[in-house]
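Dropping protein_4.csv in here (CSV, C-alpha atoms and all ligand atoms):
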chain,number,residue,atom,x,y,z
A,1,MET,CA,-26.1,-0.8,13.2
A,2,ASN,CA,-23.1,1.3,14.2
A,3,GLN,CA,-19.9,-0.6,13.6
A,4,VAL,CA,-17.1,-0.1,16.0
A,5,LEU,CA,-13.4,0.0,15.2
A,6,GLY,CA,-10.4,1.3,17.2
A,7,VAL,CA,-6.7,1.3,18.1
A,8,ILE,CA,-5.1,-0.5,21.0
A,9,GLY,CA,-1.8,0.6,22.6
A,10,SER,CA,-0.1,2.1,25.7
A,11,PRO,CA,0.2,5.0,25.8
A,12,ILE,CA,-2.7,5.8,23.5
A,13,SER,CA,-4.2,9.2,24.4
A,14,HIS,CA,-1.9,10.9,21.9
A,15,SER,CA,-3.0,8.7,18.9
A,16,LEU,CA,-4.3,10.6,15.9
A,17,SER,CA,-5.9,7.4,14.5
A,18,PRO,CA,-9.4,8.3,15.8
A,19,VAL,CA,-9.3,11.8,14.3
A,20,MET,CA,-8.2,10.4,10.9
A,21,HIS,CA,-10.6,7.4,10.7
A,22,GLU,CA,-13.6,9.4,12.0
A,23,ALA,CA,-12.9,12.0,9.2
A,24,ALA,CA,-13.1,9.2,6.6
A,25,TYR,CA,-16.3,7.8,8.1
A,26,GLU,CA,-17.9,11.2,8.0
A,27,GLU,CA,-16.8,11.9,4.5
A,28,LEU,CA,-18.2,8.6,3.2
A,29,GLN,CA,-21.2,8.7,5.6
A,30,LEU,CA,-20.3,5.3,7.1
A,31,ASN,CA,-22.2,4.3,10.2
A,32,CYS,CA,-19.0,3.5,12.1
A,33,SER,CA,-17.1,4.9,15.1
A,34,TYR,CA,-13.4,4.6,15.9
A,35,HIS,CA,-12.0,4.7,19.4
A,36,ALA,CA,-8.6,4.7,21.2
A,37,PHE,CA,-8.4,1.9,23.8
A,38,HIS,CA,-5.7,1.9,26.5
A,39,VAL,CA,-4.5,-1.7,26.8
A,40,GLU,CA,-1.6,-2.7,29.0
A,41,SER,CA,0.5,-5.8,28.0
A,42,THR,CA,-1.1,-7.9,30.7
A,43,GLN,CA,-4.5,-7.2,29.2
A,44,LEU,CA,-3.5,-7.8,25.6
A,45,LYS,CA,-4.9,-11.3,25.3
A,46,SER,CA,-8.3,-10.4,26.7
A,47,ALA,CA,-8.5,-7.2,24.7
A,48,VAL,CA,-8.0,-9.2,21.5
A,49,GLU,CA,-10.6,-11.7,22.6
A,50,GLY,CA,-12.9,-8.8,23.2
A,51,VAL,CA,-12.6,-7.7,19.6
A,52,ARG,CA,-14.0,-11.1,18.7
A,53,SER,CA,-16.7,-11.4,21.4
A,54,LEU,CA,-17.9,-7.8,21.1
A,55,GLY,CA,-17.9,-8.0,17.3
A,56,LEU,CA,-15.6,-5.0,16.6
A,57,LYS,CA,-15.1,-4.8,12.8
A,58,GLY,CA,-11.4,-4.3,13.2
A,59,ILE,CA,-8.6,-2.6,15.1
A,60,ASN,CA,-5.2,-1.0,14.7
A,61,VAL,CA,-2.4,-2.1,17.0
A,62,THR,CA,0.3,0.3,18.1
A,63,ILE,CA,3.3,0.4,20.5
A,64,PRO,CA,4.0,-1.8,22.4
A,65,HIS,CA,1.7,-4.6,21.1
A,66,LYS,CA,2.6,-5.0,17.4
A,67,VAL,CA,4.7,-8.1,17.9
A,68,ASP,CA,3.0,-9.8,20.9
A,69,VAL,CA,-0.4,-9.6,19.4
A,70,ILE,CA,0.5,-12.1,16.7
A,71,GLN,CA,0.1,-15.1,19.0
A,72,TYR,CA,-3.6,-14.3,19.7
A,73,LEU,CA,-4.6,-14.1,16.0
A,74,ASP,CA,-6.1,-16.8,13.8
A,75,HIS,CA,-4.4,-15.9,10.6
A,76,ILE,CA,-1.3,-13.8,9.8
A,77,ASP,CA,-0.7,-12.2,6.4
A,78,PRO,CA,2.7,-13.4,4.9
A,79,LEU,CA,4.0,-9.8,4.8
A,80,ALA,CA,3.1,-9.2,8.4
A,81,GLU,CA,4.7,-12.5,9.2
A,82,GLU,CA,7.9,-11.6,7.5
A,83,ILE,CA,8.0,-8.1,9.2
A,84,GLY,CA,7.2,-9.9,12.5
A,85,ALA,CA,4.6,-7.3,13.5
A,86,VAL,CA,0.9,-6.6,13.0
A,87,ASN,CA,-0.7,-3.1,12.9
A,88,THR,CA,-4.1,-4.0,11.5
A,89,ILE,CA,-6.6,-6.7,12.5
A,90,VAL,CA,-9.6,-7.6,10.5
A,91,ASN,CA,-12.5,-9.4,12.3
A,92,ASP,CA,-13.8,-11.6,9.5
A,93,GLN,CA,-16.9,-13.1,11.1
A,94,GLY,CA,-15.0,-14.1,14.3
A,95,VAL,CA,-11.8,-15.0,12.5
A,96,LEU,CA,-9.1,-12.5,13.4
A,97,LYS,CA,-6.7,-11.8,10.6
A,98,GLY,CA,-3.5,-9.8,11.1
A,99,TYR,CA,-1.8,-7.5,8.6
A,100,ASN,CA,1.0,-4.9,8.5
A,101,THR,CA,0.3,-1.8,6.5
A,102,ASP,CA,3.1,0.4,7.9
A,103,GLY,CA,5.8,-0.5,5.3
A,104,ASP,CA,3.5,-0.4,2.2
A,105,GLY,CA,2.1,2.9,3.6
A,106,TYR,CA,5.5,4.4,3.6
A,107,VAL,CA,6.3,3.2,0.0
A,108,TYR,CA,3.0,4.6,-1.3
A,109,ALA,CA,3.7,7.9,0.5
A,110,LEU,CA,7.3,8.1,-0.9
A,111,LEU,CA,6.2,7.3,-4.5
A,112,GLN,CA,3.5,9.9,-4.3
A,113,ARG,CA,5.9,12.5,-3.1
A,114,ILE,CA,8.8,11.9,-5.4
A,115,GLY,CA,6.6,10.9,-8.3
A,116,LYS,CA,9.1,8.6,-9.8
A,117,THR,CA,10.3,5.0,-9.6
A,118,LEU,CA,12.7,3.9,-6.9
A,119,HIS,CA,14.5,1.4,-9.0
A,120,ASP,CA,17.4,3.8,-9.7
A,121,LYS,CA,17.6,5.1,-6.1
A,122,ARG,CA,20.3,4.5,-3.5
A,123,ILE,CA,18.6,4.7,-0.2
A,124,LEU,CA,20.0,5.1,3.3
A,125,ILE,CA,17.8,3.9,6.2
A,126,VAL,CA,18.8,5.2,9.6
A,127,GLY,CA,17.6,2.9,12.3
A,128,ALA,CA,16.7,-0.8,12.5
A,129,GLY,CA,13.8,-0.9,15.0
A,130,GLY,CA,10.2,-2.0,14.4
A,131,ALA,CA,9.3,0.8,12.0
A,132,ALA,CA,12.5,0.4,10.0
A,133,LYS,CA,11.8,-3.3,9.5
A,134,GLY,CA,8.5,-2.6,7.7
A,135,VAL,CA,9.8,0.3,5.7
A,136,ALA,CA,13.1,-1.4,4.7
A,137,LEU,CA,11.4,-4.7,3.8
A,138,CYS,CA,8.7,-3.1,1.7
A,139,LEU,CA,11.2,-0.8,-0.1
A,140,SER,CA,13.4,-3.8,-0.9
A,141,LYS,CA,10.4,-5.8,-2.2
A,142,TYR,CA,9.3,-2.8,-4.3
A,143,GLY,CA,12.9,-2.8,-5.8
A,144,VAL,CA,15.6,-0.2,-5.2
A,145,LYS,CA,19.0,0.2,-6.8
A,146,LYS,CA,20.8,-0.1,-3.5
A,147,MET,CA,19.8,0.1,0.1
A,148,THR,CA,22.1,0.6,3.1
A,149,ILE,CA,21.0,0.3,6.7
A,150,THR,CA,22.8,2.0,9.6
A,151,ASN,CA,21.9,1.9,13.3
A,152,ARG,CA,23.4,2.6,16.7
A,153,THR,CA,23.3,-1.2,17.4
A,154,SER,CA,25.1,-2.5,14.3
A,155,SER,CA,24.0,-6.1,14.8
A,156,LYS,CA,20.3,-5.0,14.2
A,157,ALA,CA,21.2,-3.2,11.0
A,158,GLU,CA,23.1,-6.3,9.9
A,159,ASP,CA,20.2,-8.6,10.6
A,160,LEU,CA,17.7,-6.4,8.7
A,161,ALA,CA,20.1,-6.1,5.8
A,162,VAL,CA,20.3,-9.9,5.5
A,163,ILE,CA,16.5,-10.1,5.3
A,164,CYS,CA,16.2,-7.3,2.8
A,165,SER,CA,19.0,-8.6,0.6
A,166,ARG,CA,16.6,-11.4,-0.5
A,167,TYR,CA,14.8,-8.8,-2.6
A,168,SER,CA,17.2,-5.9,-3.3
A,169,ASP,CA,20.9,-5.2,-3.1
A,170,THR,CA,21.3,-4.3,0.6
A,171,ASP,CA,24.2,-3.8,3.0
A,172,TYR,CA,24.8,-2.2,6.4
A,173,LEU,CA,27.3,0.4,7.6
A,174,SER,CA,28.3,1.8,11.0
A,175,LEU,CA,26.8,5.3,11.7
A,176,GLU,CA,30.3,6.8,11.3
A,177,MET,CA,30.7,5.2,7.8
A,178,ALA,CA,27.2,6.2,6.7
A,179,GLN,CA,28.0,9.7,7.8
A,180,ALA,CA,31.2,9.8,5.8
A,181,GLU,CA,29.5,8.3,2.7
A,182,LEU,CA,26.3,10.4,2.9
A,183,ALA,CA,26.9,11.9,-0.6
A,184,GLU,CA,26.4,8.5,-2.1
A,185,PHE,CA,22.7,8.4,-1.3
A,186,ASP,CA,19.7,9.8,-3.2
A,187,ILE,CA,17.2,9.2,-0.4
A,188,ILE,CA,17.8,9.3,3.4
A,189,ILE,CA,15.1,8.0,5.7
A,190,ASN,CA,15.2,8.5,9.5
A,191,THR,CA,13.3,5.7,11.2
A,192,THR,CA,14.8,6.3,14.6
A,193,SER,CA,13.0,8.3,17.4
A,194,ILE,CA,15.9,10.9,17.4
A,195,GLY,CA,14.5,14.4,17.0
A,196,MET,CA,11.0,13.4,18.3
A,197,ALA,CA,9.4,15.8,20.8
A,198,PRO,CA,10.6,16.9,23.3
A,199,ASN,CA,14.1,16.4,21.9
A,200,PHE,CA,13.7,19.0,19.1
A,201,ASP,CA,17.4,19.8,18.8
A,202,GLN,CA,18.6,16.2,18.1
A,203,MET,CA,19.5,14.7,14.8
A,204,PRO,CA,20.3,11.1,13.9
A,205,LEU,CA,23.2,12.1,11.8
A,206,SER,CA,24.8,15.3,10.4
A,207,LEU,CA,23.8,16.4,6.8
A,208,GLU,CA,27.2,18.0,6.2
A,209,ASN,CA,27.9,15.6,3.3
A,210,LEU,CA,24.4,15.6,1.9
A,211,ARG,CA,24.3,15.2,-1.9
A,212,LYS,CA,22.7,18.1,-3.9
A,213,GLY,CA,19.2,17.1,-4.8
A,214,ALA,CA,19.0,14.3,-2.3
A,215,PHE,CA,15.5,13.7,-0.7
A,216,VAL,CA,15.3,13.5,3.1
A,217,SER,CA,12.4,11.8,4.9
A,218,ASP,CA,11.6,11.4,8.6
A,219,LEU,CA,9.0,9.0,10.1
A,220,ILE,CA,8.5,11.4,12.9
A,221,TYR,CA,5.5,13.9,12.7
A,222,ASN,CA,5.8,15.4,16.2
A,223,PRO,CA,7.4,17.9,15.7
A,224,TYR,CA,5.9,18.5,12.3
A,225,LYS,CA,9.4,19.3,11.0
A,226,THR,CA,12.3,17.7,12.8
A,227,LYS,CA,15.7,19.4,12.9
A,228,LEU,CA,16.8,16.9,10.3
A,229,LEU,CA,14.1,18.0,7.9
A,230,ILE,CA,14.6,21.7,8.6
A,231,GLU,CA,18.4,21.4,7.9
A,232,ALA,CA,17.7,19.3,4.7
A,233,GLU,CA,15.2,21.9,3.5
A,234,ASN,CA,17.7,24.7,4.2
A,235,LYS,CA,20.1,22.8,1.9
A,236,GLY,CA,17.5,22.8,-0.9
A,237,SER,CA,16.4,19.1,-0.4
A,238,GLY,CA,12.9,17.8,-0.9
A,239,ILE,CA,11.5,16.6,2.5
A,240,MET,CA,8.7,14.4,3.8
A,241,ASN,CA,7.6,14.0,7.4
A,242,GLY,CA,5.8,11.1,9.0
A,243,VAL,CA,2.3,12.3,8.2
A,244,ASP,CA,2.2,10.8,4.8
A,245,MET,CA,3.2,7.3,6.0
A,246,PHE,CA,0.7,7.6,8.9
A,247,VAL,CA,-2.1,8.5,6.5
A,248,HIS,CA,-1.3,5.8,4.0
A,249,GLN,CA,-0.9,3.0,6.6
A,250,GLY,CA,-4.4,4.1,7.8
A,251,ALA,CA,-5.8,4.2,4.3
A,252,LEU,CA,-4.5,0.7,3.6
A,253,ALA,CA,-6.1,-0.5,6.9
A,254,PHE,CA,-9.4,1.2,5.9
A,255,LYS,CA,-9.3,-0.7,2.6
A,256,LYS,CA,-8.8,-4.0,4.4
A,257,TRP,CA,-11.9,-3.3,6.7
A,258,PHE,CA,-14.3,-1.8,4.1
A,259,ASN,CA,-13.0,-3.2,0.8
A,260,LYS,CA,-13.1,0.2,-0.7
A,261,GLU,CA,-10.7,3.1,-1.3
A,262,ALA,CA,-10.2,5.5,1.6
A,263,PRO,CA,-10.6,9.3,1.2
A,264,VAL,CA,-6.8,9.8,1.6
A,265,GLN,CA,-6.8,13.6,1.2
A,266,ILE,CA,-9.6,14.1,3.8
A,267,MET,CA,-7.7,11.8,6.2
A,268,LYS,CA,-4.5,13.7,5.7
A,269,ASN,CA,-6.2,17.1,6.1
A,270,SER,CA,-7.7,16.0,9.4
A,271,VAL,CA,-4.3,14.9,10.7
A,272,ILE,CA,-2.5,18.0,9.6
A,273,LYS,CA,-5.2,20.3,11.1
A,274,HIS,CA,-4.8,18.4,14.4
A,275,LEU,CA,-1.0,18.8,14.3
A,276,GLY,CA,-1.3,22.5,13.5
A,277,GLY,CA,0.6,22.1,10.2
A,278,SER,CA,-0.3,23.7,6.9
A,279,ILE,CA,-2.3,21.8,4.3
B,1,LIG,P1,11.8,1.2,18.1
B,1,LIG,O1,11.5,-0.2,17.5
B,1,LIG,O2,12.0,1.4,19.5
B,1,LIG,O3,13.2,1.6,17.3
B,1,LIG,C1,13.9,2.8,17.7
B,1,LIG,C2,15.1,3.0,16.7
B,1,LIG,O4,15.7,4.3,17.1
B,1,LIG,C3,16.2,2.0,16.9
B,1,LIG,O5,16.9,1.9,15.6
B,1,LIG,C4,17.1,2.6,17.9
B,1,LIG,O6,18.5,2.2,17.8
B,1,LIG,C5,17.1,4.1,17.5
B,1,LIG,N1,17.4,4.9,18.6
B,1,LIG,C6,16.5,5.3,19.7
B,1,LIG,N2,17.2,6.1,20.5
B,1,LIG,C7,18.4,6.3,20.0
B,1,LIG,C8,19.5,7.1,20.4
B,1,LIG,N3,19.5,7.9,21.5
B,1,LIG,N4,20.6,7.1,19.6
B,1,LIG,C9,20.7,6.3,18.5
B,1,LIG,N5,19.7,5.6,18.1
B,1,LIG,C10,18.5,5.6,18.8
B,1,LIG,O7,10.8,2.3,17.6
B,1,LIG,P2,9.9,2.3,16.2
B,1,LIG,O8,8.6,1.7,16.5
B,1,LIG,O9,10.7,1.7,15.1
B,1,LIG,O10,9.7,3.8,16.0
B,1,LIG,C11,10.7,4.7,15.6
B,1,LIG,C12,10.2,6.0,15.1
B,1,LIG,O11,9.3,5.9,14.0
B,1,LIG,C13,9.4,6.8,16.2
B,1,LIG,O12,9.7,8.1,16.2
B,1,LIG,C14,8.0,6.6,15.8
B,1,LIG,O13,7.1,7.6,16.2
B,1,LIG,C15,8.1,6.6,14.3
B,1,LIG,N6,7.0,5.9,13.6
B,1,LIG,C16,6.2,6.6,12.7
B,1,LIG,C17,5.2,6.0,12.0
B,1,LIG,C18,4.4,6.8,11.1
B,1,LIG,O14,3.3,6.3,10.6
B,1,LIG,N7,4.8,8.0,10.6
B,1,LIG,C19,4.9,4.6,12.2
B,1,LIG,C20,5.7,3.9,13.1
B,1,LIG,C21,6.8,4.6,13.8
B,1,LIG,P3,18.9,0.8,18.7
B,1,LIG,O15,18.5,-0.4,17.8
B,1,LIG,O16,20.4,1.0,18.7
B,1,LIG,O17,18.2,0.9,20.0

Using structure tokens, write down the structure from this file.
Ligand code: NAP
Amino acid sequence: MNQVLGVIGSPISHSLSPVMHEAAYEELQLNCSYHAFHVESTQLKSAVEGVRSLGLKGINVTIPHKVDVIQYLDHIDPLAEEIGAVNTIVNDQGVLKGYNTDGDGYVYALLQRIGKTLHDKRILIVGAGGAAKGVALCLSKYGVKKMTITNRTSSKAEDLAVICSRYSDTDYLSLEMAQAELAEFDIIINTTSIGMAPNFDQMPLSLENLRKGAFVSDLIYNPYKTKLLIEAENKGSGIMNGVDMFVHQGALAFKKWFNKEAPVQIMKNSVIKHLGGSI
């Protein structure tokens, strides 16, 4: 019997999850299909109930439902609980279990790209929204030398720094101070939406003081290379866009549903092809 999976969100038509997961099913010859479901906030409860009653194997959850969906689930994984958001639901014979694979997906992607440990790295996280929460928490749990969080709304950076400092040395700075002290950081991660299409010419901060050899990463993948990444590359820095995080969060979700390794490279190729980037 064909098993059905999918992603719920609003808007959802832009989602690359169906392309990515269907590529994995085709590669492994799994009799499954993955669909994008447009779900408004007023329909969230009944949509989640539908996962159970229609027997969907699992779903991903995206904006704006990652936080609100928690109340409708039977079990929340401790990491998802700490992050306060769920992006993956497993339907375990009618018991709905919520997980968050965004942050670990980012850490996997970063480690694969820089090929080293993070324990000796000083990391600047720009932004303190939903995505930043997962990324910062998982990086701090992995263990970094020092993490600093900066955000337009300073109080949110402070709150996130307090949570992360349970695991790694973490503080927060104003955007102005982070800008002035940029040379102190080995890795800079933009988790804000600044630079996302159609605002191609915007940057979350200037790279004027970027340290030589620093690595710059952006969670955005549309455009494929944000202005931040283009400028970093022009300065000789290593860069990573949001595709790797997206693929690894999907691969970790796949593993939760099927209890087997996902064909990561096939999934990544399908996403890059769809975005018109180069493999
Ligand atoms: P969010 O919860 O709405 O957070 C947005 C963040 O951006 C906040 O820190 C916000 O600052 C900041 N921001 C927005 N507009 C700003 C502006 N004009 N000036 C200064 N700061 C601004 O959104 P999110 O879910 O974290 O998503 C953030 C980005 O990550 C998006 O581009 C999203 O596409 C990307 N993302 C990528 C992946 C992936 O798999 N690659 C996964 C998730 C998200 P304030 O707190 O001051 O409002």

Margin query: Could you list, as a PyMOL selection string, all protein and nucleic acid residues with an atom at most 10 Å from ligand LIG 1 (chain B), counting all atoms listed in the file?
Written below: chain A and resi 62-64+66+87+101-103+105-106+125-135+149-157+175+190-197+202-205+218-222+241-250

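Taking CA of Ile12 in chain A as the reference point, CA of Glu82 in chain A is found at 25.9 Å.
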
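CA of Ala80 in chain A sits 16.3 Å away from CA of Arg166 in chain A.
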
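When only C-alpha atoms are used to compute distances to Lys227 in chain A, the closest of the residues A:Tyr172, A:Phe200, A:Tyr34, A:Trp257 turns out to be A:Phe200.
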
Margin query: Measuring between all atoms listed in the file, which one of A:Ala136, A:Leu210, A:Leu124, A:Ile239 shows the shortest distance to Ser174 in chain A?
Written below: A:Leu124

Notebook entry, point to check: In terms of the shortest atom-to-atom distance over all atoms listed in the file, which of A:Gly236, A:Gly9, A:Gly55, A:Gly276 is closest to Gln93 in chain A?
Noted result: A:Gly55

Note to self: What does the structure give for the distance between CA of Lys141 in chain A and CA of Leu111 in chain A, in Å to one decimal?
What the structure shows: 13.9 Å

Margin query: Would you pick out the contacts of Leu28 in chain A at 12 Å or less, using all atoms listed in the file, so that residues sharing its chain but fewer than 5 positions from it are not included, and give the list as a PyMOL selection string?
Written below: chain A and resi 21-23+254+258+260-264+266-267

Counting only C-alpha atoms, find residues at most 9 Å from (-11.8, -7.7, 11.3) (file frame) and give them as a short mmCIF file (atom, residue, chain, number, x, y, z; two decimals) with C-alpha atoms, in the frame of the given file.
data_model
loop_
_atom_site.label_atom_id
_atom_site.label_comp_id
_atom_site.auth_asym_id
_atom_site.auth_seq_id
_atom_site.Cartn_x
_atom_site.Cartn_y
_atom_site.Cartn_z
CA LEU A 5 -13.40 0.00 15.20
CA VAL A 51 -12.60 -7.70 19.60
CA ARG A 52 -14.00 -11.10 18.70
CA GLY A 55 -17.90 -8.00 17.30
CA LEU A 56 -15.60 -5.00 16.60
CA LYS A 57 -15.10 -4.80 12.80
CA GLY A 58 -11.40 -4.30 13.20
CA ILE A 59 -8.60 -2.60 15.10
CA THR A 88 -4.10 -4.00 11.50
CA ILE A 89 -6.60 -6.70 12.50
CA VAL A 90 -9.60 -7.60 10.50
CA ASN A 91 -12.50 -9.40 12.30
CA ASP A 92 -13.80 -11.60 9.50
CA GLN A 93 -16.90 -13.10 11.10
CA GLY A 94 -15.00 -14.10 14.30
CA VAL A 95 -11.80 -15.00 12.50
CA LEU A 96 -9.10 -12.50 13.40
CA LYS A 97 -6.70 -11.80 10.60
CA GLY A 98 -3.50 -9.80 11.10
CA LYS A 256 -8.80 -4.00 4.40
CA TRP A 257 -11.90 -3.30 6.70
#

Item checked: Counting only C-alpha atoms, the residue of A:Ala85, A:Ser15, A:Asp159, A:Ala24 that sits nearest Asn269 in chain A -> A:Ala24

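Surrounding residues of (11.9, 13.8, 4.6) at most 7 Å away are Ile189, Phe215, Val216, Ser217, Asp218, Leu229, Gly238, Ile239, Met240 and Asn241 of chain A (based on only C-alpha atoms).
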
Notebook entry, point to check: With distances taken over all atoms listed in the file, which of A:Asp186, A:Glu49, A:Asp68, A:Asp104 is nearest to Ser140 in chain A?
Noted result: A:Asp104
